[in-house]
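Colleague: I have a structure I would like to understand better, so I am pasting it below and will then ask my questions one at a time.
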Amino acid sequence: MNSNERGLYKFPFEEYASATELSEQEQNLIHKAREVAQNAYSHYSKFSVGAAVLLENGEIITGSNQENAAYPSGLCAERVALFYASAQHPDVPVKQIVVTALRNQKPIEEPVPPCGSCRQVFIEWEKRFGQPFEVIMAGTRKIIKIKQAGWLLPFNFQSNFL
Ligand code: THU
């Protein structure tokens, strides 16, 4: 490594070739995320994302991306699911979120990483509930699991800066 190694940002993640290597509950979450991706309103991008959120009480909330002719008015699947979960169960922490996607109706082979704005929301949720949650990015040929959502966004903005 070069002289900047001291400042290198590293975090662990797990990689799987198939969902069958995960627990049954995780496989169920992936299935639900794939299913709900079909409900995306992805009229403009044809990129349909499905997210399944497992809450600490065992409840599963799903969401898909919702687009708009005024592009920035749309919302990602992850935030649709997390905001709905919070609206229904404001005091229940999140345990896991699974993200999957279809391009032109076909499931994507590679894991799809959440966008920066969703990562910012993940961090807010970890902080507000005082516990981390796992992110599973599920492609059909590769799945990545990260134990703490906040690891995805180093040098993030938090309420203590306000
Ligand atoms: N999208 C998501 O729903 N989640 C992501 O993490 C990445 C992007 C959506 C937003 C938009 O509707 C479409 O995918 C293309 O960017």
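So you can find residues: chains in the structure tokens are A, B, ... in the order shown, residues in each start at 1, and ligands are numbered from 1 in order.
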Could you pull out the residues sitting within 8 Å of ligand 1, using only C-alpha atoms and all ligand atoms, and write them as number ranges by chain?

Modeller: A: 41-42, 44-50, 64-67, 74-79, 99, 112-116, 118

Colleague: Skip A:Gln96 itself and residues of its chain fewer than 3 positions away, then list as a list in words all residues within 6 Å of it, counting only C-alpha atoms.

Modeller: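 Skipping anything fewer than 3 positions along the chain leaves Val53, Leu54, Phe133, Glu134 and Val135 of chain A.
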
Colleague: For the residues in that selection, give me all heavy atoms as a CSV table (one decimal), in the first residue's frame.

Modeller:
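And here is the file that came out, part.csv:
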chain,number,residue,atom,x,y,z
A,53,VAL,N,-37.6,-5.0,4.2
A,53,VAL,CA,-37.0,-4.6,5.5
A,53,VAL,C,-37.6,-5.5,6.6
A,53,VAL,O,-38.8,-5.7,6.7
A,53,VAL,CB,-37.5,-3.1,5.9
A,53,VAL,CG1,-37.1,-2.8,7.3
A,53,VAL,CG2,-36.9,-2.1,4.9
A,54,LEU,N,-36.6,-6.1,7.3
A,54,LEU,CA,-37.0,-7.0,8.5
A,54,LEU,C,-36.9,-6.1,9.7
A,54,LEU,O,-35.8,-5.6,10.0
A,54,LEU,CB,-36.1,-8.2,8.6
A,54,LEU,CG,-36.3,-9.1,9.8
A,54,LEU,CD1,-37.7,-9.8,9.7
A,54,LEU,CD2,-35.2,-10.1,9.9
A,133,PHE,N,-28.0,-2.1,11.5
A,133,PHE,CA,-28.7,-3.2,10.8
A,133,PHE,C,-27.9,-3.6,9.6
A,133,PHE,O,-27.0,-2.9,9.1
A,133,PHE,CB,-30.1,-2.7,10.5
A,133,PHE,CG,-30.3,-1.6,9.5
A,133,PHE,CD1,-30.3,-1.8,8.1
A,133,PHE,CD2,-30.4,-0.3,10.0
A,133,PHE,CE1,-30.4,-0.7,7.2
A,133,PHE,CE2,-30.6,0.8,9.1
A,133,PHE,CZ,-30.6,0.6,7.7
A,134,GLU,N,-28.3,-4.8,9.1
A,134,GLU,CA,-27.5,-5.4,8.0
A,134,GLU,C,-28.1,-5.0,6.7
A,134,GLU,O,-29.3,-4.9,6.5
A,134,GLU,CB,-27.5,-7.0,8.1
A,134,GLU,CG,-26.8,-7.5,9.4
A,134,GLU,CD,-26.8,-9.0,9.4
A,134,GLU,OE1,-27.6,-9.7,8.7
A,134,GLU,OE2,-26.0,-9.5,10.2
A,135,VAL,N,-27.2,-4.9,5.7
A,135,VAL,CA,-27.7,-4.7,4.3
A,135,VAL,C,-27.3,-5.9,3.5
A,135,VAL,O,-26.1,-6.3,3.5
A,135,VAL,CB,-27.0,-3.4,3.7
A,135,VAL,CG1,-27.5,-3.2,2.3
A,135,VAL,CG2,-27.3,-2.2,4.6

Colleague: Find the residue from A:Val92, A:Ile61, A:Ile144, A:Leu162 that sits nearest to A:Arg128; use only C-alpha atoms when measuring.

Modeller: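 Result for the nearest residue to A:Arg128: A:Val92.
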
Colleague: Identify which of the residues A:Val121, A:Ala85, A:Ala40, A:Ile60 lies closest to A:Glu26, counting only C-alpha atoms when measuring atom-to-atom distances.

Modeller: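 With only C-alpha atoms as the atom set, the closest residue is A:Ile60.
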
Colleague: Which residue, A:Val94, A:Ala51, A:Ile108, A:Ala19, has the smallest gap to A:Phe129 when you use only C-alpha atoms?

Modeller: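 Using only C-alpha atoms, the shortest distance to A:Phe129 belongs to A:Val94.
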
Colleague: To test your reading of the structure, identify every residue in stretch 22-154 of chain A that backbone DSSP assigns to helix (DSSP H, G or I), and report it as an NGL selection string.

Modeller: :A and (24-37 or 71-73 or 77-88 or 116-129 or 149-152)

Colleague: Which distance in Å separates atom CA of A:Ser117 and atom CA of A:Glu59, to one decimal?

Modeller: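 For atom CA of A:Ser117 relative to atom CA of A:Glu59, the distance reads 24.3 Å.
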
Colleague: Of the residues A:Glu5, A:Glu21, A:Glu35, A:Glu14, which is the one nearest to A:Ala101, using only C-alpha atoms?

Modeller: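 Using only C-alpha atoms, the shortest distance to A:Ala101 belongs to A:Glu35.
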
Colleague: One number please: atom CA of A:Pro93 to atom CA of A:Ile136, in Å, one decimal.

Modeller: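 If I compute the distance from atom CA of A:Pro93 to atom CA of A:Ile136, I get 16.7 Å.
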
Colleague: Can you tell me, as a short mmCIF file (atom, residue, chain, number, x, y, z; two decimals) with C-alpha atoms, in the first residue's frame, what residues are no more than 9 Å from A:Lys127 when counting only C-alpha atoms, ignoring any on the same chain fewer than 5 positions away?

Modeller:
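The result, written out as around-v3.cif:
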data_model
loop_
_atom_site.label_atom_id
_atom_site.label_comp_id
_atom_site.auth_asym_id
_atom_site.auth_seq_id
_atom_site.Cartn_x
_atom_site.Cartn_y
_atom_site.Cartn_z
CA PHE A 122 -29.66 4.15 6.85
CA PRO A 132 -26.85 -1.19 13.46
CA GLN A 158 -25.02 13.34 11.54
#

Colleague: I'd like to know which residues of chain A are strand (DSSP E or B) (by DSSP, run on the backbone); could you write them as JSON, numbers by chain?

Modeller: {"A": [14, 15, 16, 41, 47, 48, 49, 50, 51, 52, 53, 54, 55, 60, 61, 62, 63, 64, 66, 75, 94, 95, 96, 97, 98, 99, 100, 101, 102, 103, 106, 107, 134, 135, 136, 137, 138, 143, 144, 145, 146]}

Colleague: Could you turn the residues from that selection into a file that holds N, CA and C atoms, as a compact mmCIF listing (two decimals), in the first residue's frame?

Modeller:
# COMPACT_ATOMS: atom_id res chain seq x y z
N GLU A 14 -19.48 -9.89 3.47
CA GLU A 14 -19.52 -11.30 3.07
C GLU A 14 -20.08 -11.40 1.67
N GLU A 15 -19.53 -12.36 0.92
CA GLU A 15 -19.97 -12.54 -0.46
C GLU A 15 -20.47 -13.97 -0.64
N TYR A 16 -21.61 -14.12 -1.30
CA TYR A 16 -22.18 -15.45 -1.53
C TYR A 16 -22.51 -15.60 -3.02
N TYR A 41 -42.84 1.58 -9.81
CA TYR A 41 -43.29 2.47 -10.87
C TYR A 41 -42.01 3.08 -11.47
N PHE A 47 -35.79 0.60 -14.54
CA PHE A 47 -34.94 -0.04 -13.54
C PHE A 47 -35.79 -0.19 -12.28
N SER A 48 -36.19 -1.42 -11.99
CA SER A 48 -37.14 -1.67 -10.91
C SER A 48 -36.43 -2.23 -9.69
N VAL A 49 -36.53 -1.52 -8.61
CA VAL A 49 -35.82 -1.94 -7.39
C VAL A 49 -36.83 -2.41 -6.36
N GLY A 50 -36.47 -3.46 -5.65
CA GLY A 50 -37.32 -3.97 -4.56
C GLY A 50 -36.51 -4.02 -3.28
N ALA A 51 -37.12 -3.56 -2.19
CA ALA A 51 -36.45 -3.61 -0.89
C ALA A 51 -37.36 -4.30 0.10
N ALA A 52 -36.77 -5.17 0.92
CA ALA A 52 -37.53 -5.82 1.99
C ALA A 52 -36.82 -5.52 3.31
N VAL A 53 -37.59 -4.97 4.24
CA VAL A 53 -37.05 -4.57 5.53
C VAL A 53 -37.56 -5.54 6.60
N LEU A 54 -36.63 -6.13 7.33
CA LEU A 54 -37.02 -6.99 8.46
C LEU A 54 -36.89 -6.15 9.73
N LEU A 55 -38.00 -6.04 10.46
CA LEU A 55 -37.98 -5.29 11.72
C LEU A 55 -37.65 -6.21 12.88
N ILE A 60 -42.15 -7.86 8.29
CA ILE A 60 -41.43 -7.55 7.05
C ILE A 60 -42.21 -6.48 6.28
N ILE A 61 -41.51 -5.40 5.92
CA ILE A 61 -42.13 -4.31 5.15
C ILE A 61 -41.38 -4.22 3.83
N THR A 62 -42.11 -4.15 2.74
CA THR A 62 -41.44 -4.09 1.43
C THR A 62 -41.74 -2.76 0.73
N GLY A 63 -40.90 -2.41 -0.22
CA GLY A 63 -41.11 -1.19 -0.99
C GLY A 63 -40.42 -1.27 -2.34
N SER A 64 -40.92 -0.49 -3.29
CA SER A 64 -40.30 -0.45 -4.61
C SER A 64 -40.12 1.01 -5.02
N GLN A 66 -40.44 4.50 -6.90
CA GLN A 66 -41.60 5.22 -7.44
C GLN A 66 -41.09 6.47 -8.16
N LEU A 75 -38.79 8.36 -5.66
CA LEU A 75 -38.08 7.89 -4.46
C LEU A 75 -37.61 6.45 -4.65
N VAL A 94 -34.85 -1.52 12.92
CA VAL A 94 -34.66 -2.32 11.71
C VAL A 94 -33.55 -3.33 11.99
N LYS A 95 -33.74 -4.54 11.49
CA LYS A 95 -32.73 -5.59 11.67
C LYS A 95 -31.93 -5.82 10.37
N GLN A 96 -32.66 -5.84 9.26
CA GLN A 96 -32.01 -6.12 7.97
C GLN A 96 -32.77 -5.42 6.86
N ILE A 97 -32.03 -5.08 5.80
CA ILE A 97 -32.71 -4.64 4.58
C ILE A 97 -32.10 -5.40 3.40
N VAL A 98 -32.95 -5.90 2.53
CA VAL A 98 -32.49 -6.58 1.31
C VAL A 98 -32.84 -5.70 0.12
N VAL A 99 -31.89 -5.56 -0.80
CA VAL A 99 -32.11 -4.76 -2.01
C VAL A 99 -31.89 -5.64 -3.24
N THR A 100 -32.86 -5.60 -4.15
CA THR A 100 -32.73 -6.36 -5.40
C THR A 100 -33.20 -5.46 -6.55
N ALA A 101 -32.88 -5.83 -7.78
CA ALA A 101 -33.33 -5.00 -8.89
C ALA A 101 -33.55 -5.79 -10.17
N LEU A 102 -34.41 -5.23 -11.00
CA LEU A 102 -34.67 -5.78 -12.34
C LEU A 102 -34.34 -4.68 -13.34
N ARG A 103 -33.67 -5.06 -14.42
CA ARG A 103 -33.44 -4.10 -15.51
C ARG A 103 -34.30 -4.56 -16.68
N LYS A 106 -35.84 -7.88 -16.15
CA LYS A 106 -34.99 -9.06 -15.90
C LYS A 106 -34.18 -8.88 -14.64
N PRO A 107 -34.17 -9.86 -13.74
CA PRO A 107 -33.39 -9.76 -12.51
C PRO A 107 -31.91 -9.51 -12.82
N GLU A 134 -28.25 -4.82 9.12
CA GLU A 134 -27.51 -5.43 8.01
C GLU A 134 -28.10 -5.05 6.66
N VAL A 135 -27.23 -4.93 5.68
CA VAL A 135 -27.66 -4.67 4.31
C VAL A 135 -27.29 -5.88 3.46
N ILE A 136 -28.28 -6.43 2.76
CA ILE A 136 -28.02 -7.54 1.84
C ILE A 136 -28.35 -7.06 0.44
N MET A 137 -27.33 -7.03 -0.42
CA MET A 137 -27.55 -6.65 -1.82
C MET A 137 -27.58 -7.94 -2.62
N ALA A 138 -28.76 -8.25 -3.16
CA ALA A 138 -28.92 -9.56 -3.74
C ALA A 138 -29.04 -9.54 -5.26
N ILE A 143 -24.29 -12.26 -4.03
CA ILE A 143 -24.98 -11.57 -2.94
C ILE A 143 -23.93 -11.04 -1.99
N ILE A 144 -24.11 -9.79 -1.58
CA ILE A 144 -23.17 -9.19 -0.62
C ILE A 144 -23.93 -8.83 0.65
N LYS A 145 -23.32 -9.18 1.78
CA LYS A 145 -23.95 -8.86 3.06
C LYS A 145 -22.99 -8.02 3.89
N ILE A 146 -23.53 -6.92 4.42
CA ILE A 146 -22.74 -6.00 5.24
C ILE A 146 -23.42 -5.89 6.59

Colleague: List as a list in words the protein and nucleic acid residues near A:Gly150, meaning an atom at most 9 Å away when only C-alpha atoms are counted, but skip any in the same chain fewer than 4 places from it.

Modeller: Arg119, Gln120, Phe122, Ile123, Glu124, Glu126, Pro132, Phe133, Pro154 and Asn156 of chain A

Colleague: Measure the distance from atom CA of A:Gln148 to atom CA of A:Glu109 in Å and round it to one decimal.

Modeller: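 It comes out at 23.2 Å.
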
Colleague: Considering only C-alpha atoms, can you say which of A:Ile30, A:Gln88, A:Gly139, A:Tyr71 comes closest to A:Ala17?

Modeller: A:Gly139
